[in-house]
>>> print(open('work.cif').read())   # mmCIF, C-alpha atoms and all ligand atoms
data_work
loop_
_atom_site.group_PDB
_atom_site.id
_atom_site.type_symbol
_atom_site.label_atom_id
_atom_site.label_comp_id
_atom_site.auth_asym_id
_atom_site.auth_seq_id
_atom_site.Cartn_x
_atom_site.Cartn_y
_atom_site.Cartn_z
ATOM 1 C CA MET G 81 2.594 -13.068 -12.317
ATOM 2 C CA THR G 82 0.498 -10.401 -10.649
ATOM 3 C CA ARG G 83 1.846 -9.083 -7.378
ATOM 4 C CA ILE G 84 -0.883 -8.039 -4.971
ATOM 5 C CA LEU G 85 0.633 -5.907 -2.241
ATOM 6 C CA ALA G 86 -1.107 -4.756 0.917
ATOM 7 C CA ILE G 87 0.466 -1.524 2.125
ATOM 8 C CA ALA G 88 -0.069 -1.903 5.823
ATOM 9 C CA ASN G 89 0.955 -0.627 9.235
ATOM 10 C CA GLN G 90 -1.587 -0.147 12.005
ATOM 11 C CA LYS G 91 0.150 3.069 12.923
ATOM 12 C CA GLY G 92 -1.290 6.166 11.271
ATOM 13 C CA GLY G 93 0.826 8.789 9.572
ATOM 14 C CA VAL G 94 3.725 6.520 8.616
ATOM 15 C CA GLY G 95 3.414 7.071 4.855
ATOM 16 C CA LYS G 96 1.110 4.250 3.729
ATOM 17 C CA THR G 97 -1.047 6.397 1.497
ATOM 18 C CA THR G 98 1.855 8.465 0.193
ATOM 19 C CA THR G 99 3.590 5.208 -0.708
ATOM 20 C CA ALA G 100 0.472 3.713 -2.289
ATOM 21 C CA VAL G 101 -0.156 6.682 -4.593
ATOM 22 C CA ASN G 102 3.445 7.422 -5.519
ATOM 23 C CA LEU G 103 4.474 3.822 -5.979
ATOM 24 C CA ALA G 104 1.412 3.273 -8.186
ATOM 25 C CA ALA G 105 2.438 6.237 -10.350
ATOM 26 C CA SER G 106 6.078 5.146 -10.468
ATOM 27 C CA LEU G 107 5.244 1.573 -11.482
ATOM 28 C CA ALA G 108 2.862 2.933 -14.122
ATOM 29 C CA ALA G 109 5.614 5.255 -15.393
ATOM 30 C CA THR G 110 7.761 2.130 -15.829
ATOM 31 C CA ARG G 111 4.992 0.723 -18.043
ATOM 32 C CA ARG G 112 3.567 -1.644 -15.479
ATOM 33 C CA ARG G 113 -0.181 -2.109 -15.374
ATOM 34 C CA VAL G 114 -1.247 -0.991 -11.918
ATOM 35 C CA LEU G 115 -4.451 -1.062 -9.893
ATOM 36 C CA LEU G 116 -4.601 0.921 -6.652
ATOM 37 C CA VAL G 117 -7.298 -0.168 -4.192
ATOM 38 C CA ASP G 118 -8.339 2.331 -1.521
ATOM 39 C CA LEU G 119 -9.447 0.421 1.590
ATOM 40 C CA ASP G 120 -9.140 3.310 4.043
ATOM 41 C CA PRO G 121 -12.397 5.119 4.975
ATOM 42 C CA GLN G 122 -10.383 8.360 4.956
ATOM 43 C CA GLY G 123 -10.224 8.066 1.168
ATOM 44 C CA ASN G 124 -6.856 9.819 1.063
ATOM 45 C CA ALA G 125 -5.446 7.607 -1.678
ATOM 46 C CA THR G 126 -8.547 8.321 -3.759
ATOM 47 C CA MET G 127 -8.171 12.092 -3.349
ATOM 48 C CA GLY G 128 -4.395 11.902 -3.818
ATOM 49 C CA ALA G 129 -4.971 10.106 -7.112
ATOM 50 C CA GLY G 130 -7.190 12.979 -8.243
ATOM 51 C CA VAL G 131 -10.628 11.437 -7.697
ATOM 52 C CA ASP G 132 -13.231 13.169 -5.530
ATOM 53 C CA LYS G 133 -14.214 10.731 -2.775
ATOM 54 C CA ARG G 134 -17.523 12.576 -2.240
ATOM 55 C CA GLU G 135 -18.692 11.894 -5.768
ATOM 56 C CA LEU G 136 -18.212 8.173 -6.164
ATOM 57 C CA GLU G 137 -20.965 6.229 -7.867
ATOM 58 C CA LEU G 138 -19.425 2.940 -6.826
ATOM 59 C CA SER G 139 -16.601 2.281 -4.421
ATOM 60 C CA SER G 140 -14.583 -0.433 -2.723
ATOM 61 C CA CYS G 141 -17.371 -0.539 -0.116
ATOM 62 C CA ASP G 142 -19.896 -1.766 -2.721
ATOM 63 C CA VAL G 143 -17.363 -4.294 -3.938
ATOM 64 C CA LEU G 144 -16.644 -5.687 -0.452
ATOM 65 C CA LEU G 145 -20.348 -6.010 0.244
ATOM 66 C CA GLY G 146 -20.866 -7.853 -3.027
ATOM 67 C CA GLU G 147 -23.111 -5.110 -4.388
ATOM 68 C CA ALA G 148 -20.899 -4.228 -7.344
ATOM 69 C CA ALA G 149 -18.243 -5.907 -9.471
ATOM 70 C CA ALA G 150 -14.745 -4.449 -9.068
ATOM 71 C CA ARG G 151 -14.619 -3.870 -12.810
ATOM 72 C CA ASP G 152 -17.618 -1.550 -12.642
ATOM 73 C CA ALA G 153 -16.199 0.518 -9.798
ATOM 74 C CA ILE G 154 -12.692 0.979 -11.224
ATOM 75 C CA LEU G 155 -11.713 4.372 -12.622
ATOM 76 C CA ARG G 156 -8.732 5.478 -14.676
ATOM 77 C CA THR G 157 -6.594 8.150 -13.025
ATOM 78 C CA ASP G 158 -5.186 11.103 -14.859
ATOM 79 C CA PRO G 159 -2.341 12.022 -14.938
ATOM 80 C CA GLY G 160 -1.389 9.022 -12.737
ATOM 81 C CA GLY G 161 -1.675 6.407 -15.480
ATOM 82 C CA PHE G 162 -2.990 3.715 -13.139
ATOM 83 C CA ASP G 163 -6.437 2.334 -12.341
ATOM 84 C CA LEU G 164 -8.164 3.071 -9.045
ATOM 85 C CA LEU G 165 -10.785 1.221 -7.057
ATOM 86 C CA PRO G 166 -11.762 4.248 -4.995
ATOM 87 C CA GLY G 167 -12.893 4.358 -1.391
ATOM 88 C CA ASN G 168 -14.472 6.730 1.100
ATOM 89 C CA GLU G 169 -16.129 6.774 4.516
ATOM 90 C CA ASP G 170 -18.736 4.253 3.350
ATOM 91 C CA LEU G 171 -15.999 1.717 4.103
ATOM 92 C CA THR G 172 -16.757 2.172 7.785
ATOM 93 C CA THR G 173 -20.202 0.716 7.107
ATOM 94 C CA ALA G 174 -18.673 -2.129 5.134
ATOM 95 C CA GLU G 175 -16.336 -2.906 8.020
ATOM 96 C CA VAL G 176 -19.254 -3.180 10.451
ATOM 97 C CA ARG G 177 -21.535 -5.102 8.103
ATOM 98 C CA LEU G 178 -18.861 -7.601 7.119
ATOM 99 C CA ILE G 179 -18.490 -8.792 10.709
ATOM 100 C CA ASN G 180 -21.750 -10.743 10.382
ATOM 101 C CA GLU G 181 -21.369 -11.950 6.848
ATOM 102 C CA PHE G 182 -20.295 -15.239 5.408
ATOM 103 C CA GLY G 183 -16.810 -15.304 3.897
ATOM 104 C CA ARG G 184 -16.061 -11.948 5.423
ATOM 105 C CA GLU G 185 -12.251 -12.283 5.218
ATOM 106 C CA THR G 186 -12.180 -13.289 1.572
ATOM 107 C CA ARG G 187 -14.414 -10.639 0.014
ATOM 108 C CA LEU G 188 -11.647 -8.628 -1.581
ATOM 109 C CA ARG G 189 -9.782 -11.719 -2.740
ATOM 110 C CA ALA G 190 -12.934 -12.988 -4.445
ATOM 111 C CA ALA G 191 -13.618 -9.586 -5.996
ATOM 112 C CA LEU G 192 -10.117 -9.322 -7.445
ATOM 113 C CA LYS G 193 -9.998 -12.877 -8.730
ATOM 114 C CA ASP G 194 -11.209 -12.120 -12.246
ATOM 115 C CA ILE G 195 -9.415 -8.839 -12.782
ATOM 116 C CA ALA G 196 -6.048 -9.193 -11.012
ATOM 117 C CA ARG G 197 -4.479 -10.885 -14.032
ATOM 118 C CA GLU G 198 -5.041 -7.735 -16.064
ATOM 119 C CA TYR G 199 -2.458 -5.991 -13.878
ATOM 120 C CA ASP G 200 1.208 -6.420 -13.031
ATOM 121 C CA TYR G 201 0.713 -4.853 -9.610
ATOM 122 C CA VAL G 202 -2.303 -4.400 -7.384
ATOM 123 C CA LEU G 203 -1.531 -2.075 -4.457
ATOM 124 C CA ILE G 204 -3.930 -1.933 -1.524
ATOM 125 C CA ASP G 205 -3.868 1.103 0.763
ATOM 126 C CA CYS G 206 -4.911 -0.115 4.227
ATOM 127 C CA PRO G 207 -6.503 1.788 7.116
ATOM 128 C CA PRO G 208 -4.396 2.534 10.221
ATOM 129 C CA SER G 209 -5.718 -0.406 12.235
ATOM 130 C CA ILE G 210 -5.882 -4.171 12.072
ATOM 131 C CA ASN G 211 -9.588 -4.516 11.348
ATOM 132 C CA MET G 212 -11.696 -6.490 8.897
ATOM 133 C CA LEU G 213 -10.643 -4.184 6.050
ATOM 134 C CA THR G 214 -6.964 -4.849 6.696
ATOM 135 C CA VAL G 215 -7.702 -8.561 7.080
ATOM 136 C CA ASN G 216 -9.373 -8.493 3.660
ATOM 137 C CA ALA G 217 -6.294 -6.820 2.193
ATOM 138 C CA LEU G 218 -3.928 -9.349 3.786
ATOM 139 C CA THR G 219 -6.103 -12.240 2.644
ATOM 140 C CA ALA G 220 -6.132 -10.992 -0.954
ATOM 141 C CA ALA G 221 -2.419 -10.141 -1.017
ATOM 142 C CA THR G 222 0.643 -12.033 -2.132
ATOM 143 C CA GLY G 223 2.845 -9.689 -0.122
ATOM 144 C CA VAL G 224 2.827 -6.961 2.504
ATOM 145 C CA LEU G 225 4.728 -3.731 2.085
ATOM 146 C CA ILE G 226 5.269 -2.087 5.458
ATOM 147 C CA PRO G 227 6.100 1.614 5.454
ATOM 148 C CA MET G 228 7.581 2.817 8.708
ATOM 149 C CA GLN G 229 9.164 5.819 10.292
ATOM 150 C CA CYS G 230 12.405 5.087 12.083
ATOM 151 C CA GLU G 231 11.216 6.219 15.502
ATOM 152 C CA TYR G 232 11.501 4.863 18.993
ATOM 153 C CA TYR G 233 8.281 2.811 19.071
ATOM 154 C CA ALA G 234 8.421 1.704 15.449
ATOM 155 C CA LEU G 235 9.825 -1.768 16.135
ATOM 156 C CA GLU G 236 7.317 -2.444 18.878
ATOM 157 C CA GLY G 237 4.365 -1.799 16.567
ATOM 158 C CA LEU G 238 5.936 -4.020 13.972
ATOM 159 C CA SER G 239 5.666 -7.207 16.033
ATOM 160 C CA ALA G 240 1.867 -6.864 16.254
ATOM 161 C CA LEU G 241 1.682 -6.564 12.484
ATOM 162 C CA VAL G 242 4.056 -9.467 11.923
ATOM 163 C CA ASN G 243 1.901 -11.600 14.268
ATOM 164 C CA THR G 244 -1.206 -10.734 12.304
ATOM 165 C CA ILE G 245 0.552 -11.627 9.068
ATOM 166 C CA GLU G 246 1.505 -15.015 10.582
ATOM 167 C CA GLN G 247 -2.092 -15.647 11.619
ATOM 168 C CA ILE G 248 -3.480 -14.792 8.208
ATOM 169 C CA ARG G 249 -0.856 -16.976 6.589
ATOM 170 C CA SER G 250 -1.744 -20.027 8.627
ATOM 171 C CA ALA G 251 -5.513 -19.464 8.503
ATOM 172 C CA VAL G 252 -6.373 -18.342 4.983
ATOM 173 C CA ASN G 253 -3.415 -17.249 2.892
ATOM 174 C CA PRO G 254 -0.353 -19.545 3.006
ATOM 175 C CA GLU G 255 1.287 -17.611 0.155
ATOM 176 C CA LEU G 256 1.464 -14.337 2.068
ATOM 177 C CA GLN G 257 4.954 -12.905 2.441
ATOM 178 C CA VAL G 258 6.492 -9.769 3.819
ATOM 179 C CA GLU G 259 7.441 -8.034 0.587
ATOM 180 C CA GLY G 260 9.536 -5.475 2.352
ATOM 181 C CA LEU G 261 9.918 -2.791 4.977
ATOM 182 C CA LEU G 262 10.174 0.736 3.682
ATOM 183 C CA ARG G 263 11.838 3.491 5.660
ATOM 184 C CA THR G 264 9.792 6.656 5.127
ATOM 185 C CA MET G 265 10.224 10.333 5.997
ATOM 186 C CA PHE G 266 13.835 9.487 6.673
ATOM 187 C CA ASP G 267 16.227 12.114 7.957
ATOM 188 C CA PRO G 268 19.852 10.858 7.854
ATOM 189 C CA ARG G 269 20.945 13.617 10.243
ATOM 190 C CA ASN G 270 18.756 12.164 12.977
ATOM 191 C CA ASN G 271 20.770 9.798 15.201
ATOM 192 C CA LEU G 272 17.750 7.916 16.473
ATOM 193 C CA ALA G 273 16.523 7.339 12.917
ATOM 194 C CA ASN G 274 19.899 5.856 12.003
ATOM 195 C CA GLU G 275 19.914 3.668 15.079
ATOM 196 C CA VAL G 276 16.393 2.334 14.488
ATOM 197 C CA SER G 277 17.319 1.802 10.851
ATOM 198 C CA SER G 278 20.296 -0.381 11.892
ATOM 199 C CA GLN G 279 18.071 -2.360 14.261
ATOM 200 C CA LEU G 280 15.612 -2.899 11.461
ATOM 201 C CA ILE G 281 18.303 -4.298 9.170
ATOM 202 C CA LEU G 282 19.594 -6.480 12.004
ATOM 203 C CA HIS G 283 16.124 -8.014 12.506
ATOM 204 C CA PHE G 284 14.799 -8.095 8.970
ATOM 205 C CA GLY G 285 17.917 -8.179 6.781
ATOM 206 C CA ASP G 286 17.102 -8.265 3.073
ATOM 207 C CA LYS G 287 13.458 -7.544 3.789
ATOM 208 C CA VAL G 288 14.379 -3.899 4.311
ATOM 209 C CA PHE G 289 14.245 -2.067 1.000
ATOM 210 C CA ARG G 290 17.543 -0.431 0.103
ATOM 211 C CA THR G 291 15.596 2.545 -1.147
ATOM 212 C CA VAL G 292 14.886 5.075 1.577
ATOM 213 C CA ILE G 293 12.140 7.692 1.234
ATOM 214 C CA PRO G 294 13.392 11.068 2.474
ATOM 215 C CA ARG G 295 11.228 13.645 4.150
ATOM 216 C CA ASN G 296 10.281 15.844 1.217
ATOM 217 C CA ILE G 297 7.790 18.694 1.041
ATOM 218 C CA ARG G 298 6.720 17.842 -2.522
ATOM 219 C CA LEU G 299 5.376 14.494 -1.329
ATOM 220 C CA ALA G 300 3.320 16.248 1.325
ATOM 221 C CA GLU G 301 1.880 18.906 -0.972
ATOM 222 C CA ALA G 302 1.189 16.795 -4.084
ATOM 223 C CA PRO G 303 -2.143 15.429 -2.704
ATOM 224 C CA SER G 304 -3.544 18.958 -2.531
ATOM 225 C CA PHE G 305 -3.109 19.078 -6.303
ATOM 226 C CA GLY G 306 -4.733 15.648 -6.653
ATOM 227 C CA MET G 307 -1.686 14.112 -8.274
ATOM 228 C CA PRO G 308 1.314 11.950 -7.463
ATOM 229 C CA ALA G 309 4.568 13.841 -6.802
ATOM 230 C CA LEU G 310 5.903 12.574 -10.127
ATOM 231 C CA PHE G 311 3.499 14.952 -11.877
ATOM 232 C CA HIS G 312 3.669 17.749 -9.337
ATOM 233 C CA ASP G 313 7.475 17.967 -9.461
ATOM 234 C CA LYS G 314 9.183 15.134 -11.261
ATOM 235 C CA THR G 315 12.668 16.193 -10.191
ATOM 236 C CA SER G 316 11.844 16.305 -6.488
ATOM 237 C CA ARG G 317 13.748 13.971 -4.180
ATOM 238 C CA GLY G 318 10.454 12.432 -3.117
ATOM 239 C CA ALA G 319 9.348 11.593 -6.655
ATOM 240 C CA LEU G 320 12.793 10.194 -7.480
ATOM 241 C CA ALA G 321 12.821 8.056 -4.341
ATOM 242 C CA TYR G 322 9.539 6.386 -5.298
ATOM 243 C CA LEU G 323 10.835 5.789 -8.826
ATOM 244 C CA ALA G 324 13.874 4.140 -7.258
ATOM 245 C CA LEU G 325 11.607 1.986 -5.086
ATOM 246 C CA ALA G 326 9.657 0.861 -8.148
ATOM 247 C CA GLY G 327 12.948 -0.041 -9.841
ATOM 248 C CA GLU G 328 14.133 -1.975 -6.804
ATOM 249 C CA MET G 329 10.881 -3.945 -6.633
ATOM 250 C CA ILE G 330 10.941 -4.777 -10.327
ATOM 251 C CA ARG G 331 14.567 -5.952 -10.151
ATOM 252 C CA ARG G 332 13.876 -8.015 -7.052
ATOM 253 C CA GLN G 333 10.935 -9.701 -8.695
ATOM 254 C CA ALA G 334 12.892 -10.377 -11.874
ATOM 255 C CA SER G 335 15.684 -12.099 -9.931
ATOM 256 C CA ALA G 336 13.177 -14.047 -7.796
ATOM 257 C CA GLU G 337 11.488 -15.333 -10.963
ATOM 258 C CA ALA G 338 14.856 -16.269 -12.498
ATOM 259 C CA THR G 339 15.738 -18.489 -9.519
ATOM 260 C CA PRO G 340 12.860 -20.928 -8.960
ATOM 261 C CA ALA G 341 12.236 -21.686 -5.282
HETATM 262 P P1 LIG G 401 -0.645 7.041 6.455
HETATM 263 O O1 LIG G 401 -1.374 6.705 5.214
HETATM 264 O O2 LIG G 401 0.252 5.943 6.949
HETATM 265 O O3 LIG G 401 -1.545 7.542 7.539
HETATM 266 P P2 LIG G 401 0.346 9.329 4.964
HETATM 267 O O4 LIG G 401 0.935 8.791 3.726
HETATM 268 O O5 LIG G 401 -1.022 9.911 4.867
HETATM 269 O O6 LIG G 401 0.384 8.240 6.117
HETATM 270 O O7 LIG G 401 1.365 10.384 5.552
HETATM 271 C C1 LIG G 401 1.086 11.130 6.741
HETATM 272 C C2 LIG G 401 1.458 12.594 6.511
HETATM 273 O O8 LIG G 401 2.842 12.708 6.252
HETATM 274 C C3 LIG G 401 0.759 13.197 5.304
HETATM 275 O O9 LIG G 401 0.460 14.525 5.581
HETATM 276 C C4 LIG G 401 1.792 13.092 4.197
HETATM 277 O O10 LIG G 401 1.634 14.097 3.222
HETATM 278 C C5 LIG G 401 3.076 13.270 4.966
HETATM 279 N N1 LIG G 401 4.190 12.517 4.359
HETATM 280 C C6 LIG G 401 4.219 11.194 4.059
HETATM 281 N N2 LIG G 401 5.418 10.833 3.564
HETATM 282 C C7 LIG G 401 6.178 11.980 3.537
HETATM 283 C C8 LIG G 401 7.530 12.273 3.159
HETATM 284 N N3 LIG G 401 8.348 11.323 2.694
HETATM 285 N N4 LIG G 401 7.960 13.539 3.283
HETATM 286 C C9 LIG G 401 7.151 14.501 3.769
HETATM 287 N N5 LIG G 401 5.884 14.297 4.161
HETATM 288 C C10 LIG G 401 5.394 13.049 4.054
HETATM 289 MG MG MG G 402 -3.433 6.578 4.850
#
>>> encode(input="work.cif", output="structure tokens", more="lines below")
Ligand code: ADP
Ligand code: MG
Amino acid sequence: MTRILAIANQKGGVGKTTTAVNLAASLAATRRRVLLVDLDPQGNATMGAGVDKRELELSSCDVLLGEAAARDAILRTDPGGFDLLPGNEDLTTAEVRLINEFGRETRLRAALKDIAREYDYVLIDCPPSINMLTVNALTAATGVLIPMQCEYYALEGLSALVNTIEQIRSAVNPELQVEGLLRTMFDPRNNLANEVSSQLILHFGDKVFRTVIPRNIRLAEAPSFGMPALFHDKTSRGALAYLALAGEMIRRQASAEATPA
């Protein structure tokens, strides 16, 4: 069954895009068929996947507005090995225009309906706010992956996101689940990070991924080469951490499918 995962956190700079691009590459390296959807007007996932956001013929904006089929806008990434529905600042226009349109929350879900089954994973990189673009991602998704930095205000921001997820679940998407919380840019020598990490496990238990993403320079510099860290430096701790995350997700899904609910 296709997993459609919104990578969301209304806080900026927590590692959403880094996770989207590197997890897409890692799942593809494990022979999963992956589609990455860029829903952030900043277009960072698009650039990080090696596609120039200034030269898009069609983008996720056209798809949300019903002006293009997803299939026609999707590109193959190289060397990433996954498909990309690219995005750029046109998404800001889509966000504004959607407000007055019919079925505004379900645009992405409708657009993915015919093509999702061609993939094992669809990852959606969300903007750093809870707006109509994020609502579209959460409405289309089967799960939410929440990257977070273990900082003082991290838990506070989380409750707003969890509330939104609850609202979407009761209004339009009863299947929506929290797939997992991912600790990013983690520094084990930092006492506060360890403390917040313990709090997180106390509150969310098994929902916290065992895999932790360390702070790693290769992850930060890979986008400037337009490639996931796996291709920039495959032995880097960052690249290995995202491979481990992909493995953890695949194992989790396999055991969930083995034990019917
Ligand atoms: P978001 O999409 O949530 O705004 P990004 O993924 O763009 O966050 O990350 C914010 C910044 O932190 C970027 O410059 C990115 O390269 C850097 N970064 C993200 N994860 C890591 C990491 N694990 N180690 C080092 N730098 C990171
Ligand atoms: Mg981002």
>>> resolve_selection(input="work.cif", expression="the PyMOL selection byres (((not hetatm)) within 8 of (chain G and resi 402))", output="short mmCIF file (atom, residue, chain, number, x, y, z; two decimals) with C-alpha atoms, in the frame of the given file")
data_model
loop_
_atom_site.label_atom_id
_atom_site.label_comp_id
_atom_site.auth_asym_id
_atom_site.auth_seq_id
_atom_site.Cartn_x
_atom_site.Cartn_y
_atom_site.Cartn_z
CA GLY G 92 -1.29 6.17 11.27
CA GLY G 93 0.83 8.79 9.57
CA GLY G 95 3.41 7.07 4.86
CA LYS G 96 1.11 4.25 3.73
CA THR G 97 -1.05 6.40 1.50
CA THR G 98 1.86 8.46 0.19
CA ASP G 120 -9.14 3.31 4.04
CA GLN G 122 -10.38 8.36 4.96
CA GLY G 123 -10.22 8.07 1.17
CA ASN G 124 -6.86 9.82 1.06
CA ALA G 125 -5.45 7.61 -1.68
CA ASP G 205 -3.87 1.10 0.76
CA CYS G 206 -4.91 -0.12 4.23
CA PRO G 207 -6.50 1.79 7.12
CA PRO G 208 -4.40 2.53 10.22
#
>>> resolve_selection(input="work.cif", expression="the PyMOL selection byres (((chain G and resi 253) around 12) and not hetatm)", output="list in words")
Glu185, Thr186, Arg189, Val215, Asn216, Ala217, Leu218, Thr219, Ala220, Ala221, Thr222, Gly223, Thr244, Ile245, Glu246, Gln247, Ile248, Arg249, Ser250, Ala251, Val252, Pro254, Glu255, Leu256 and Gln257 of chain G
>>> write_last_selection(input="work.cif", atoms="C-alpha atoms", output="PDB file, keeping the file's coordinate frame")
ATOM      1  CA  GLU G 185     -12.251 -12.283   5.218  1.00  0.00           C
ATOM      2  CA  THR G 186     -12.180 -13.289   1.572  1.00  0.00           C
ATOM      3  CA  ARG G 189      -9.782 -11.719  -2.740  1.00  0.00           C
ATOM      4  CA  VAL G 215      -7.702  -8.561   7.080  1.00  0.00           C
ATOM      5  CA  ASN G 216      -9.373  -8.493   3.660  1.00  0.00           C
ATOM      6  CA  ALA G 217      -6.294  -6.820   2.193  1.00  0.00           C
ATOM      7  CA  LEU G 218      -3.928  -9.349   3.786  1.00  0.00           C
ATOM      8  CA  THR G 219      -6.103 -12.240   2.644  1.00  0.00           C
ATOM      9  CA  ALA G 220      -6.132 -10.992  -0.954  1.00  0.00           C
ATOM     10  CA  ALA G 221      -2.419 -10.141  -1.017  1.00  0.00           C
ATOM     11  CA  THR G 222       0.643 -12.033  -2.132  1.00  0.00           C
ATOM     12  CA  GLY G 223       2.845  -9.689  -0.122  1.00  0.00           C
ATOM     13  CA  THR G 244      -1.206 -10.734  12.304  1.00  0.00           C
ATOM     14  CA  ILE G 245       0.552 -11.627   9.068  1.00  0.00           C
ATOM     15  CA  GLU G 246       1.505 -15.015  10.582  1.00  0.00           C
ATOM     16  CA  GLN G 247      -2.092 -15.647  11.619  1.00  0.00           C
ATOM     17  CA  ILE G 248      -3.480 -14.792   8.208  1.00  0.00           C
ATOM     18  CA  ARG G 249      -0.856 -16.976   6.589  1.00  0.00           C
ATOM     19  CA  SER G 250      -1.744 -20.027   8.627  1.00  0.00           C
ATOM     20  CA  ALA G 251      -5.513 -19.464   8.503  1.00  0.00           C
ATOM     21  CA  VAL G 252      -6.373 -18.342   4.983  1.00  0.00           C
ATOM     22  CA  PRO G 254      -0.353 -19.545   3.006  1.00  0.00           C
ATOM     23  CA  GLU G 255       1.287 -17.611   0.155  1.00  0.00           C
ATOM     24  CA  LEU G 256       1.464 -14.337   2.068  1.00  0.00           C
ATOM     25  CA  GLN G 257       4.954 -12.905   2.441  1.00  0.00           C
TER      26      GLN G 257
END
>>> residues_around(input="work.cif", residues="Gly306 (chain G)", least_positions_apart="5", cutoff="6 Å", atoms="only C-alpha atoms", output="PyMOL selection string")
chain G and resi 127-130
>>> closest_residue(input="work.cif", among="G:Leu144, G:Leu119, G:Leu103, G:Met329", to="Thr214 (chain G)", atoms="all atoms listed in the file")
G:Leu119
>>> closest_residue(input="work.cif", among="G:Glu236, G:Asp158, G:Asp267, G:Asp286", to="ligand LIG 401 (chain G)", atoms="all atoms listed in the file")
G:Asp267
>>> resolve_selection(input="work.cif", expression="the PyMOL selection byres (((chain G and resi 260) around 8) and not hetatm)", output="NGL selection string")
:G and (224-226 or 258-259 or 261-262 or 287-289)
>>> atom_distance(input="work.cif", atom1="CA of Leu164 (chain G)", atom2="CA of Phe182 (chain G)")
26.3 Å
>>> residues_around(input="work.cif", residues="region 115-118 of chain G", least_positions_apart="4", cutoff="7 Å", atoms="all atoms listed in the file", output="PyMOL selection string")
chain G and resi 104+123+125-126+140+162-167+199+201-205
>>> closest_residue(input="work.cif", among="G:Asp194, G:Glu181, G:Asp132, G:Glu175", to="Ile210 (chain G)", atoms="only C-alpha atoms")
G:Glu175
